[in-house]
Amino acid sequence: MSERGVFIGKLIIPRDREFYEVRNPADTRQVIAKFPRLRRDDAREAIGKAKEAFSKWSKTLPVERARILYKVADIIESRADELARTLTLEEGKTIPDSMFEVVRTINLLRFYAGLITRGQGKVIPSQDKNTIIMTNREPLGVVSVITPWNFPLSLPAWKIIPAIATGNTVVWKPASITPTIAYELVKAFYDAGLPEGVLNLVTGSASEVGDELVTNKDVDALTFTGSLQTGKEINEKVGKMNRFIRVQLELGGKNATVLSRNGDVNLAVELTVRSAFGLTGQACTATSRFLVPEDMHDEVLSKLVERTKKIVVGNGLKNGVDMGPLASKEQYDKILSYIEIGKSEGAKLVYGGQPIRGSEEFDYGYFVMPTIFDGVTPDMRIAKEEIFGPVLAVMTYRTLDEAIDIVNSTEYGLIAGIVTRDISEAAKFAEGVKVGVVKVNKPTIGLEPWVPYGGVKGSGNDMYKEMGEEAIEFFTRIKAIYVGY
Ligand code: NAD
């Protein structure tokens, strides 16, 4: 397996650095690629290259930047099958789920290409005669982008594309286990004619490379997606440095789907199974709590278990597989430990709860069964903490108010869903839940790129939204210009 490069100004293969192996989580005997473990100095150099490139890139015309974005979209489209396969090999999700990321990335590219050519400023009437006042949106400078592994293509894309579209330059640290698809995305930008230094890719540890992206004084803005714990650490670090840079933190979730007494049971079961076990439960938008009216519990639980039994677990490359492996050994150990926690807390394990072993197909991968706990109460750890795997907690409630309280009872506030035929209930739920996104009769997973997205409470620092037109707000600052004539 050949050694792959990084982008520090341009593509380089730093032969004097140690290289680490990236393995397929469905079959860990297979090495996908080798990437360099860069050092702090390398990250510093990449930030320097981004700073150098900023003076020219920030002055390019929006139409010129859009031209490049459209070309990146065309390149990715022409390589869609190959990129989806790479993503599956590296992260483990199924090919349709990987293709969803590829298509979302293409959509993001074309959306922001169109958006920036439309202009972002305003003209405001003045209180004085013969005066024009206008606002302009200007890029910030060097943006650090730090991302997790679970949406290794489309999530970085929804940060990098609006950053670059608005004239910023970027230094990106992907998660250590998914650098190959990151490399492919950056390569597509340079194949489309992006000038050197505008987008830099650095691989390596969180403690060296990640830390440099957070603390370097030449960084003008930081956009991070990852766990609440890391988000808190980063927030504290930036605070201590007493620098007024923009920091966007998008963090974990503990999302609930509520079946109302007026809802379609089969639909609720279908949406919950998709949102809890699709993507192997490794989505920030996954449903990890299913709230069911107390008097409907038995009927719903038996339907839920029956439907879950139909999930086909296996290598994401195979046709017909619904759920791939967990993405890493760390994830595998964590999920199994939460299953033990659930049992020890007194929740009732009604389905799954074990690794899958015993054949060549499963023995070398991080496969676990979709898992359902019943009788979960709001005080249990499995009802409060983000597990980030295919483990669903079934909980009961009596009134809609109580359901809303349970939804709101965790530290997180990302997404909440309700299944109901009653519009007043839907409206009351949407008003009462403290989250960034509400879904009515829809799965909690699945976001559209033209819609603003972001969590509240422990799910994000909630100053700026991602995606949609709103993403432009984070990556630009407003300048007011008064002109007398
Ligand atoms: P993580 O916090 O461990 O790591 C995220 C990224 O930050 C990685 O690239 C990691 O190397 C880097 N990092 C870790 N510590 C750092 C530090 N001290 N300084 C700088 N960089 C550091 O998260 P993860 O395990 O990769 O991802 C899973 C988490 O991401 C889950 O909590 C999930 O909910 C969250 N997530 C949130 C969203 C969202 O939009 N809200 C989307 C996807 C994932």
# chains A, B, ... in the order shown; residues from 1 in each chain; ligands from 1
call {"tool": "closest_atom_pairs", "arguments": {"of": "chain A", "to": "ligand 1", "cutoff": "8 Å", "atoms": "only C-alpha atoms and all ligand atoms", "output": "JSON lines"}}
result
{"residue": "A:Ile146", "atom": "CA", "partner": "ligand 1", "partner_atom_place_in_ligand_line": "9 (O)", "distance": 5.2}
{"residue": "A:Thr147", "atom": "CA", "partner": "ligand 1", "partner_atom_place_in_ligand_line": "9 (O)", "distance": 4.6}
{"residue": "A:Pro148", "atom": "CA", "partner": "ligand 1", "partner_atom_place_in_ligand_line": "26 (O)", "distance": 3.5}
{"residue": "A:Trp149", "atom": "CA", "partner": "ligand 1", "partner_atom_place_in_ligand_line": "26 (O)", "distance": 5.2}
{"residue": "A:Asn150", "atom": "CA", "partner": "ligand 1", "partner_atom_place_in_ligand_line": "43 (C)", "distance": 6.1}
{"residue": "A:Phe151", "atom": "CA", "partner": "ligand 1", "partner_atom_place_in_ligand_line": "43 (C)", "distance": 6.4}
{"residue": "A:Leu155", "atom": "CA", "partner": "ligand 1", "partner_atom_place_in_ligand_line": "42 (C)", "distance": 7.1}
{"residue": "A:Lys173", "atom": "CA", "partner": "ligand 1", "partner_atom_place_in_ligand_line": "9 (O)", "distance": 5.9}
{"residue": "A:Pro174", "atom": "CA", "partner": "ligand 1", "partner_atom_place_in_ligand_line": "9 (O)", "distance": 4.8}
{"residue": "A:Ala175", "atom": "CA", "partner": "ligand 1", "partner_atom_place_in_ligand_line": "9 (O)", "distance": 3.5}
{"residue": "A:Ser176", "atom": "CA", "partner": "ligand 1", "partner_atom_place_in_ligand_line": "11 (O)", "distance": 6.1}
{"residue": "A:Gly204", "atom": "CA", "partner": "ligand 1", "partner_atom_place_in_ligand_line": "11 (O)", "distance": 7.8}
{"residue": "A:Ser205", "atom": "CA", "partner": "ligand 1", "partner_atom_place_in_ligand_line": "11 (O)", "distance": 6.1}
{"residue": "A:Ala206", "atom": "CA", "partner": "ligand 1", "partner_atom_place_in_ligand_line": "22 (C)", "distance": 4.2}
{"residue": "A:Ser207", "atom": "CA", "partner": "ligand 1", "partner_atom_place_in_ligand_line": "18 (N)", "distance": 5.9}
{"residue": "A:Val209", "atom": "CA", "partner": "ligand 1", "partner_atom_place_in_ligand_line": "20 (C)", "distance": 7.4}
{"residue": "A:Gly210", "atom": "CA", "partner": "ligand 1", "partner_atom_place_in_ligand_line": "20 (C)", "distance": 3.6}
{"residue": "A:Asp211", "atom": "CA", "partner": "ligand 1", "partner_atom_place_in_ligand_line": "19 (N)", "distance": 4.5}
{"residue": "A:Glu212", "atom": "CA", "partner": "ligand 1", "partner_atom_place_in_ligand_line": "20 (C)", "distance": 7.7}
{"residue": "A:Leu213", "atom": "CA", "partner": "ligand 1", "partner_atom_place_in_ligand_line": "20 (C)", "distance": 6.9}
{"residue": "A:Val214", "atom": "CA", "partner": "ligand 1", "partner_atom_place_in_ligand_line": "20 (C)", "distance": 6.2}
{"residue": "A:Phe224", "atom": "CA", "partner": "ligand 1", "partner_atom_place_in_ligand_line": "7 (O)", "distance": 7.0}
{"residue": "A:Thr225", "atom": "CA", "partner": "ligand 1", "partner_atom_place_in_ligand_line": "37 (C)", "distance": 5.3}
{"residue": "A:Gly226", "atom": "CA", "partner": "ligand 1", "partner_atom_place_in_ligand_line": "30 (O)", "distance": 3.2}
{"residue": "A:Ser227", "atom": "CA", "partner": "ligand 1", "partner_atom_place_in_ligand_line": "32 (O)", "distance": 3.3}
{"residue": "A:Leu228", "atom": "CA", "partner": "ligand 1", "partner_atom_place_in_ligand_line": "32 (O)", "distance": 6.0}
{"residue": "A:Gln229", "atom": "CA", "partner": "ligand 1", "partner_atom_place_in_ligand_line": "2 (O)", "distance": 6.6}
{"residue": "A:Thr230", "atom": "CA", "partner": "ligand 1", "partner_atom_place_in_ligand_line": "2 (O)", "distance": 4.5}
{"residue": "A:Gly231", "atom": "CA", "partner": "ligand 1", "partner_atom_place_in_ligand_line": "2 (O)", "distance": 6.7}
{"residue": "A:Glu233", "atom": "CA", "partner": "ligand 1", "partner_atom_place_in_ligand_line": "18 (N)", "distance": 6.0}
{"residue": "A:Ile234", "atom": "CA", "partner": "ligand 1", "partner_atom_place_in_ligand_line": "19 (N)", "distance": 5.9}
{"residue": "A:Leu249", "atom": "CA", "partner": "ligand 1", "partner_atom_place_in_ligand_line": "41 (N)", "distance": 7.9}
{"residue": "A:Glu250", "atom": "CA", "partner": "ligand 1", "partner_atom_place_in_ligand_line": "41 (N)", "distance": 4.1}
{"residue": "A:Leu251", "atom": "CA", "partner": "ligand 1", "partner_atom_place_in_ligand_line": "41 (N)", "distance": 4.1}
{"residue": "A:Gly252", "atom": "CA", "partner": "ligand 1", "partner_atom_place_in_ligand_line": "34 (O)", "distance": 3.1}
{"residue": "A:Gly253", "atom": "CA", "partner": "ligand 1", "partner_atom_place_in_ligand_line": "34 (O)", "distance": 5.2}
{"residue": "A:Gln282", "atom": "CA", "partner": "ligand 1", "partner_atom_place_in_ligand_line": "33 (C)", "distance": 7.6}
{"residue": "A:Ala283", "atom": "CA", "partner": "ligand 1", "partner_atom_place_in_ligand_line": "43 (C)", "distance": 6.0}
{"residue": "A:Cys284", "atom": "CA", "partner": "ligand 1", "partner_atom_place_in_ligand_line": "34 (O)", "distance": 3.9}
{"residue": "A:Thr285", "atom": "CA", "partner": "ligand 1", "partner_atom_place_in_ligand_line": "42 (C)", "distance": 7.3}
{"residue": "A:Glu386", "atom": "CA", "partner": "ligand 1", "partner_atom_place_in_ligand_line": "32 (O)", "distance": 6.9}
{"residue": "A:Phe388", "atom": "CA", "partner": "ligand 1", "partner_atom_place_in_ligand_line": "31 (C)", "distance": 6.5}
{"residue": "A:Leu414", "atom": "CA", "partner": "ligand 1", "partner_atom_place_in_ligand_line": "41 (N)", "distance": 6.9}
{"residue": "A:Tyr453", "atom": "CA", "partner": "ligand 1", "partner_atom_place_in_ligand_line": "40 (O)", "distance": 7.6}
{"residue": "A:Gly454", "atom": "CA", "partner": "ligand 1", "partner_atom_place_in_ligand_line": "41 (N)", "distance": 6.3}
{"residue": "A:Gly455", "atom": "CA", "partner": "ligand 1", "partner_atom_place_in_ligand_line": "41 (N)", "distance": 6.2}
{"residue": "A:Ser459", "atom": "CA", "partner": "ligand 1", "partner_atom_place_in_ligand_line": "41 (N)", "distance": 6.0}
{"residue": "A:Gly460", "atom": "CA", "partner": "ligand 1", "partner_atom_place_in_ligand_line": "41 (N)", "distance": 6.7}
call {"tool": "select_by_dssp", "arguments": {"residues": "segment 398-478 of chain A", "states": "strand (DSSP E)", "output": "number ranges by chain"}}
result
A: 412-413, 415-419, 437-440, 456-457, 476-478
call {"tool": "residues_around", "arguments": {"residues": "Ile404 of chain A", "least_positions_apart": "2", "cutoff": "10 Å", "atoms": "only C-alpha atoms", "output": "list of chain:residue names"}}
result
A:Ala256, A:Val258, A:Leu291, A:Tyr397, A:Thr399, A:Leu400, A:Asp401, A:Glu402, A:Ile406, A:Val407, A:Asn408, A:Ser409, A:Ala416, A:Lys428, A:Phe429, A:Ala430, A:Glu431, A:Gly432, A:Val433, A:Lys434
call {"tool": "write_last_selection", "arguments": {"atoms": "N, CA and C atoms", "output": "short mmCIF file (atom, residue, chain, number, x, y, z; two decimals), in the first residue's frame"}}
result
data_model
loop_
_atom_site.label_atom_id
_atom_site.label_comp_id
_atom_site.auth_asym_id
_atom_site.auth_seq_id
_atom_site.Cartn_x
_atom_site.Cartn_y
_atom_site.Cartn_z
N ALA A 256 -34.43 12.20 20.19
CA ALA A 256 -35.58 11.35 20.48
C ALA A 256 -36.58 11.42 19.33
N VAL A 258 -40.66 10.74 19.08
CA VAL A 258 -41.83 10.53 19.93
C VAL A 258 -42.97 10.04 19.05
N LEU A 291 -39.79 7.37 22.30
CA LEU A 291 -40.78 7.62 23.35
C LEU A 291 -42.16 7.18 22.87
N TYR A 397 -44.29 7.36 28.12
CA TYR A 397 -44.79 8.62 28.69
C TYR A 397 -46.31 8.59 28.73
N THR A 399 -48.39 11.92 28.90
CA THR A 399 -48.97 13.08 28.20
C THR A 399 -47.91 13.69 27.29
N LEU A 400 -48.39 14.50 26.35
CA LEU A 400 -47.44 15.13 25.43
C LEU A 400 -46.46 16.04 26.19
N ASP A 401 -46.99 16.73 27.22
CA ASP A 401 -46.12 17.59 28.02
C ASP A 401 -44.99 16.78 28.66
N GLU A 402 -45.36 15.61 29.16
CA GLU A 402 -44.34 14.76 29.78
C GLU A 402 -43.31 14.31 28.73
N ILE A 406 -39.28 14.90 28.74
CA ILE A 406 -38.27 13.83 28.61
C ILE A 406 -37.31 14.17 27.46
N VAL A 407 -37.88 14.62 26.34
CA VAL A 407 -37.02 15.01 25.20
C VAL A 407 -35.98 16.03 25.68
N ASN A 408 -36.44 16.98 26.50
CA ASN A 408 -35.56 18.08 26.93
C ASN A 408 -34.67 17.73 28.13
N SER A 409 -34.77 16.48 28.60
CA SER A 409 -34.11 16.18 29.87
C SER A 409 -32.62 15.84 29.76
N ALA A 416 -35.19 16.66 17.28
CA ALA A 416 -36.24 15.85 17.89
C ALA A 416 -37.32 15.60 16.85
N LYS A 428 -47.28 22.12 18.93
CA LYS A 428 -46.95 22.23 20.36
C LYS A 428 -45.58 21.58 20.63
N PHE A 429 -45.36 20.45 19.99
CA PHE A 429 -44.08 19.75 20.15
C PHE A 429 -42.94 20.63 19.60
N ALA A 430 -43.13 21.16 18.40
CA ALA A 430 -42.08 21.96 17.76
C ALA A 430 -41.74 23.18 18.63
N GLU A 431 -42.76 23.73 19.28
CA GLU A 431 -42.55 24.89 20.14
C GLU A 431 -41.83 24.51 21.44
N GLY A 432 -42.15 23.33 21.96
CA GLY A 432 -41.68 22.97 23.30
C GLY A 432 -40.29 22.34 23.37
N VAL A 433 -39.85 21.74 22.28
CA VAL A 433 -38.57 21.03 22.37
C VAL A 433 -37.39 21.99 22.15
N LYS A 434 -36.37 21.83 22.98
CA LYS A 434 -35.22 22.73 22.91
C LYS A 434 -34.14 22.07 22.04
#
call {"tool": "residues_around", "arguments": {"residues": "segment 5-7 of chain A", "least_positions_apart": "6", "cutoff": "9 Å", "atoms": "only C-alpha atoms", "output": "PDB file with N, CA and C atoms, in the first residue's frame"}}
result
ATOM      1  N   ILE A  13       4.460  14.655  -0.199  1.00  0.00           N
ATOM      2  CA  ILE A  13       4.533  13.395   0.548  1.00  0.00           C
ATOM      3  C   ILE A  13       5.730  13.524   1.495  1.00  0.00           C
ATOM      4  N   PRO A  14       5.492  13.804   2.760  1.00  0.00           N
ATOM      5  CA  PRO A  14       6.605  14.064   3.683  1.00  0.00           C
ATOM      6  C   PRO A  14       7.262  12.761   4.147  1.00  0.00           C
ATOM      7  N   LYS A  34      -1.903   4.695   3.653  1.00  0.00           N
ATOM      8  CA  LYS A  34      -1.019   5.126   4.750  1.00  0.00           C
ATOM      9  C   LYS A  34      -0.884   6.640   4.672  1.00  0.00           C
ATOM     10  N   PHE A  35      -1.067   7.284   5.808  1.00  0.00           N
ATOM     11  CA  PHE A  35      -0.993   8.752   5.840  1.00  0.00           C
ATOM     12  C   PHE A  35       0.046   9.211   6.862  1.00  0.00           C
ATOM     13  N   PRO A  36       0.652  10.366   6.617  1.00  0.00           N
ATOM     14  CA  PRO A  36       1.689  10.832   7.537  1.00  0.00           C
ATOM     15  C   PRO A  36       1.105  11.350   8.849  1.00  0.00           C
ATOM     16  N   ALA A  46       1.314  24.848   7.249  1.00  0.00           N
ATOM     17  CA  ALA A  46       0.072  24.872   6.448  1.00  0.00           C
ATOM     18  C   ALA A  46      -0.711  26.163   6.718  1.00  0.00           C
ATOM     19  N   TYR A 183      -8.546  13.396   1.469  1.00  0.00           N
ATOM     20  CA  TYR A 183      -7.534  13.620   0.424  1.00  0.00           C
ATOM     21  C   TYR A 183      -8.223  13.763  -0.935  1.00  0.00           C
ATOM     22  N   VAL A 186      -9.950  17.185  -1.362  1.00  0.00           N
ATOM     23  CA  VAL A 186      -9.007  18.288  -1.589  1.00  0.00           C
ATOM     24  C   VAL A 186      -8.409  18.179  -2.994  1.00  0.00           C
ATOM     25  N   LYS A 187      -8.106  16.974  -3.388  1.00  0.00           N
ATOM     26  CA  LYS A 187      -7.536  16.765  -4.731  1.00  0.00           C
ATOM     27  C   LYS A 187      -8.502  17.274  -5.811  1.00  0.00           C
ATOM     28  N   GLY A 197      -2.429  26.676  -1.847  1.00  0.00           N
ATOM     29  CA  GLY A 197      -2.513  27.249  -0.494  1.00  0.00           C
ATOM     30  C   GLY A 197      -3.911  27.611  -0.030  1.00  0.00           C
ATOM     31  N   LEU A 199      -6.602  25.681   0.066  1.00  0.00           N
ATOM     32  CA  LEU A 199      -7.152  24.592   0.878  1.00  0.00           C
ATOM     33  C   LEU A 199      -6.009  23.648   1.256  1.00  0.00           C
ATOM     34  N   ASN A 200      -5.751  23.548   2.549  1.00  0.00           N
ATOM     35  CA  ASN A 200      -4.642  22.716   3.026  1.00  0.00           C
ATOM     36  C   ASN A 200      -5.195  21.567   3.848  1.00  0.00           C
ATOM     37  N   LEU A 201      -4.558  20.412   3.710  1.00  0.00           N
ATOM     38  CA  LEU A 201      -5.018  19.224   4.434  1.00  0.00           C
ATOM     39  C   LEU A 201      -3.866  18.690   5.280  1.00  0.00           C
ATOM     40  N   VAL A 202      -4.108  18.598   6.595  1.00  0.00           N
ATOM     41  CA  VAL A 202      -3.061  18.096   7.493  1.00  0.00           C
ATOM     42  C   VAL A 202      -3.593  16.899   8.290  1.00  0.00           C
ATOM     43  N   THR A 203      -2.842  15.809   8.255  1.00  0.00           N
ATOM     44  CA  THR A 203      -3.251  14.614   9.005  1.00  0.00           C
ATOM     45  C   THR A 203      -2.317  14.435  10.193  1.00  0.00           C
TER      46      THR A 203
END
call {"tool": "closest_residue", "arguments": {"among": "A:Ser424, A:Ser126, A:Thr135, A:Ser144", "to": "Pro156 of chain A", "atoms": "only C-alpha atoms"}}
result
A:Ser144
call {"tool": "closest_residue", "arguments": {"among": "A:Asp220, A:Val247, A:Ala268, A:Phe362", "to": "Lys232 of chain A", "atoms": "only C-alpha atoms"}}
result
A:Val247
call {"tool": "select_by_dssp", "arguments": {"residues": "segment 179-328 of chain A", "states": "helix (DSSP H, G or I)", "output": "ChimeraX atom specification"}}
result
/A:179-191,206-215,228-241,265-281,294-309
call {"tool": "residues_around", "arguments": {"residues": "Ala393 of chain A", "least_positions_apart": "6", "cutoff": "7 Å", "atoms": "only C-alpha atoms", "output": "PyMOL selection string"}}
result
chain A and resi 288-290+372-374+376+383
call {"tool": "atom_distance", "arguments": {"atom1": "atom CA of Ile356 of chain A", "atom2": "atom CA of Leu271 of chain A"}}
result
24.3 Å
call {"tool": "atom_distance", "arguments": {"atom1": "atom CA of Ala26 of chain A", "atom2": "atom CA of Asn315 of chain A"}}
result
5.6 Å
call {"tool": "closest_residue", "arguments": {"among": "A:Leu222, A:Pro390, A:Ile68, A:Asp322", "to": "Asn235 of chain A", "atoms": "only C-alpha atoms"}}
result
A:Leu222
call {"tool": "residues_around", "arguments": {"residues": "Arg357 of chain A", "least_positions_apart": "5", "cutoff": "9 Å", "atoms": "only C-alpha atoms", "output": "list in words"}}
result
Phe362, Asp363, Tyr364, Gly365, Phe367 and Val368 of chain A
call {"tool": "write_last_selection", "arguments": {"atoms": "N, CA, C and O atoms", "output": "PDB file, in the first residue's frame"}}
result
ATOM      1  N   PHE A 362     -17.563 -11.775   9.381  1.00  0.00           N
ATOM      2  CA  PHE A 362     -17.709 -10.888  10.536  1.00  0.00           C
ATOM      3  C   PHE A 362     -16.507 -10.844  11.476  1.00  0.00           C
ATOM      4  O   PHE A 362     -16.343  -9.887  12.221  1.00  0.00           O
ATOM      5  N   ASP A 363     -15.682 -11.886  11.433  1.00  0.00           N
ATOM      6  CA  ASP A 363     -14.646 -12.031  12.474  1.00  0.00           C
ATOM      7  C   ASP A 363     -13.565 -10.953  12.456  1.00  0.00           C
ATOM      8  O   ASP A 363     -12.876 -10.753  13.444  1.00  0.00           O
ATOM      9  N   TYR A 364     -13.403 -10.285  11.322  1.00  0.00           N
ATOM     10  CA  TYR A 364     -12.329  -9.288  11.232  1.00  0.00           C
ATOM     11  C   TYR A 364     -12.866  -7.853  11.219  1.00  0.00           C
ATOM     12  O   TYR A 364     -12.140  -6.916  10.925  1.00  0.00           O
ATOM     13  N   GLY A 365     -14.161  -7.705  11.508  1.00  0.00           N
ATOM     14  CA  GLY A 365     -14.744  -6.356  11.477  1.00  0.00           C
ATOM     15  C   GLY A 365     -15.367  -5.996  12.805  1.00  0.00           C
ATOM     16  O   GLY A 365     -15.510  -6.833  13.694  1.00  0.00           O
ATOM     17  N   PHE A 367     -18.393  -5.513  13.971  1.00  0.00           N
ATOM     18  CA  PHE A 367     -19.844  -5.658  13.804  1.00  0.00           C
ATOM     19  C   PHE A 367     -20.535  -5.910  15.139  1.00  0.00           C
ATOM     20  O   PHE A 367     -20.091  -6.755  15.915  1.00  0.00           O
ATOM     21  N   VAL A 368     -21.608  -5.184  15.370  1.00  0.00           N
ATOM     22  CA  VAL A 368     -22.461  -5.491  16.526  1.00  0.00           C
ATOM     23  C   VAL A 368     -23.906  -5.546  16.040  1.00  0.00           C
ATOM     24  O   VAL A 368     -24.251  -4.973  15.004  1.00  0.00           O
TER      25      VAL A 368
END
call {"tool": "atom_distance", "arguments": {"atom1": "atom CA of Gly239 of chain A", "atom2": "atom CA of Glu473 of chain A"}}
result
21.4 Å
call {"tool": "closest_residue", "arguments": {"among": "A:Ala426, A:Ile161, A:Asn262, A:Leu83", "to": "Phe111 of chain A", "atoms": "only C-alpha atoms"}}
result
A:Ile161
call {"tool": "closest_atom_pairs", "arguments": {"of": "segment 191-274 of chain A", "to": "segment 303-314 of chain A", "cutoff": "12 Å", "atoms": "only C-alpha atoms", "output": "Markdown table"}}
result
| residue | atom | partner | partner_atom | distance |
| --- | --- | --- | --- | --- |
| A:Val265 | CA | A:Lys303 | CA | 8.6 |
| A:Asn266 | CA | A:Lys303 | CA | 7.7 |
| A:Leu267 | CA | A:Leu304 | CA | 10.7 |
| A:Ala268 | CA | A:Leu304 | CA | 9.1 |
| A:Val269 | CA | A:Leu304 | CA | 5.6 |
| A:Glu270 | CA | A:Arg307 | CA | 7.6 |
| A:Leu271 | CA | A:Leu304 | CA | 10.4 |
| A:Thr272 | CA | A:Leu304 | CA | 8.5 |
| A:Val273 | CA | A:Thr308 | CA | 6.5 |
| A:Arg274 | CA | A:Thr308 | CA | 9.3 |
call {"tool": "write_last_selection", "arguments": {"atoms": "C-alpha atoms", "output": "short mmCIF file (atom, residue, chain, number, x, y, z; two decimals), in the first residue's frame"}}
result
data_model
loop_
_atom_site.label_atom_id
_atom_site.label_comp_id
_atom_site.auth_asym_id
_atom_site.auth_seq_id
_atom_site.Cartn_x
_atom_site.Cartn_y
_atom_site.Cartn_z
CA VAL A 265 -47.48 3.23 14.61
CA ASN A 266 -46.00 1.56 11.54
CA LEU A 267 -44.57 4.84 10.32
CA ALA A 268 -43.07 5.59 13.75
CA VAL A 269 -41.44 2.16 13.88
CA GLU A 270 -40.08 2.50 10.35
CA LEU A 271 -38.65 6.00 10.93
CA THR A 272 -37.16 5.02 14.28
CA VAL A 273 -35.48 1.89 12.94
CA ARG A 274 -34.02 3.87 10.05
#
call {"tool": "residues_around", "arguments": {"residues": "Val142 of chain A", "least_positions_apart": "6", "cutoff": "9 Å", "atoms": "only C-alpha atoms", "output": "compact mmCIF listing (two decimals) with all heavy atoms, in the first residue's frame"}}
result
# COMPACT_ATOMS: atom_id res chain seq x y z
N ILE A 47 -0.74 26.58 7.97
CA ILE A 47 -1.44 27.83 8.32
C ILE A 47 -0.73 29.01 7.63
O ILE A 47 -1.38 29.92 7.10
CB ILE A 47 -1.52 28.00 9.85
CG1 ILE A 47 -2.44 26.91 10.44
CG2 ILE A 47 -2.01 29.40 10.25
CD1 ILE A 47 -2.36 26.74 11.96
N ALA A 50 -1.76 29.08 4.07
CA ALA A 50 -3.13 29.59 3.93
C ALA A 50 -3.15 31.11 4.07
O ALA A 50 -3.86 31.81 3.35
CB ALA A 50 -4.04 28.94 4.98
N LYS A 51 -2.32 31.60 4.99
CA LYS A 51 -2.26 33.05 5.20
C LYS A 51 -1.70 33.76 3.95
O LYS A 51 -2.22 34.78 3.51
CB LYS A 51 -1.36 33.33 6.42
CG LYS A 51 -1.44 34.76 6.89
CD LYS A 51 -0.64 35.00 8.13
CE LYS A 51 -0.71 36.47 8.48
NZ LYS A 51 0.19 36.81 9.58
N PHE A 54 -4.25 33.88 1.20
CA PHE A 54 -5.45 34.67 1.47
C PHE A 54 -5.45 36.01 0.73
O PHE A 54 -6.48 36.43 0.19
CB PHE A 54 -5.63 34.90 2.97
CG PHE A 54 -6.83 35.74 3.30
CD1 PHE A 54 -8.11 35.24 3.19
CD2 PHE A 54 -6.69 37.07 3.71
CE1 PHE A 54 -9.24 36.01 3.47
CE2 PHE A 54 -7.79 37.86 4.00
CZ PHE A 54 -9.07 37.33 3.88
N ASN A 168 -12.26 32.97 1.93
CA ASN A 168 -11.32 32.57 2.99
C ASN A 168 -10.38 31.50 2.48
O ASN A 168 -10.64 30.87 1.45
CB ASN A 168 -12.09 31.98 4.18
CG ASN A 168 -13.04 32.98 4.78
OD1 ASN A 168 -12.64 33.85 5.56
ND2 ASN A 168 -14.32 32.88 4.42
N THR A 169 -9.32 31.24 3.23
CA THR A 169 -8.48 30.09 2.95
C THR A 169 -8.59 29.14 4.15
O THR A 169 -8.94 29.56 5.26
CB THR A 169 -7.03 30.49 2.67
OG1 THR A 169 -6.55 31.24 3.78
CG2 THR A 169 -6.93 31.32 1.41
N VAL A 170 -8.29 27.87 3.92
CA VAL A 170 -8.65 26.83 4.90
C VAL A 170 -7.48 25.91 5.20
O VAL A 170 -6.69 25.57 4.33
CB VAL A 170 -9.83 25.99 4.31
CG1 VAL A 170 -10.06 24.72 5.11
CG2 VAL A 170 -11.11 26.82 4.24
N VAL A 171 -7.38 25.54 6.49
CA VAL A 171 -6.52 24.43 6.89
C VAL A 171 -7.42 23.40 7.55
O VAL A 171 -8.12 23.72 8.52
CB VAL A 171 -5.41 24.86 7.87
CG1 VAL A 171 -4.51 23.68 8.20
CG2 VAL A 171 -4.60 26.00 7.28
N ASP A 218 -2.33 32.94 13.81
CA ASP A 218 -2.70 33.35 12.45
C ASP A 218 -4.04 32.78 11.99
O ASP A 218 -4.46 33.01 10.86
CB ASP A 218 -1.61 32.94 11.46
CG ASP A 218 -0.39 33.85 11.60
OD1 ASP A 218 -0.58 35.04 11.95
OD2 ASP A 218 0.74 33.38 11.38
N VAL A 219 -4.69 32.05 12.88
CA VAL A 219 -6.02 31.52 12.53
C VAL A 219 -7.07 32.57 12.90
O VAL A 219 -7.07 33.11 14.00
CB VAL A 219 -6.29 30.20 13.29
CG1 VAL A 219 -7.75 29.79 13.19
CG2 VAL A 219 -5.38 29.09 12.74
N ASP A 220 -7.95 32.86 11.94
CA ASP A 220 -8.95 33.91 12.16
C ASP A 220 -10.31 33.36 12.56
O ASP A 220 -11.15 34.10 13.07
CB ASP A 220 -9.10 34.74 10.88
CG ASP A 220 -7.77 35.40 10.52
OD1 ASP A 220 -7.40 36.36 11.19
OD2 ASP A 220 -7.10 34.91 9.58
N ALA A 221 -10.56 32.10 12.27
CA ALA A 221 -11.85 31.49 12.64
C ALA A 221 -11.66 29.98 12.73
O ALA A 221 -10.80 29.42 12.05
CB ALA A 221 -12.92 31.82 11.61
N LEU A 222 -12.47 29.37 13.58
CA LEU A 222 -12.36 27.93 13.78
C LEU A 222 -13.74 27.32 13.70
O LEU A 222 -14.65 27.74 14.42
CB LEU A 222 -11.75 27.67 15.16
CG LEU A 222 -11.88 26.26 15.74
CD1 LEU A 222 -11.10 25.25 14.91
CD2 LEU A 222 -11.36 26.24 17.17
call {"tool": "closest_residue", "arguments": {"among": "A:Thr476, A:Gln331, A:Thr215, A:Thr287", "to": "Ala43 of chain A", "atoms": "only C-alpha atoms"}}
result
A:Thr215
call {"tool": "closest_atom_pairs", "arguments": {"of": "segment 139-249 of chain A", "to": "segment 93-109 of chain A", "cutoff": "7 Å", "atoms": "only C-alpha atoms", "output": "tab-separated table"}}
result
residue	atom	partner	partner_atom	distance
A:Leu153	CA	A:Glu101	CA	6.3
A:Ser154	CA	A:Thr105	CA	5.1
A:Ala157	CA	A:Thr105	CA	6.1
A:Trp158	CA	A:Leu108	CA	6.6
A:Ile161	CA	A:Leu109	CA	6.4
call {"tool": "closest_residue", "arguments": {"among": "A:Leu349, A:Thr257, A:Met369, A:Ala73", "to": "Lys439 of chain A", "atoms": "only C-alpha atoms"}}
result
A:Thr257
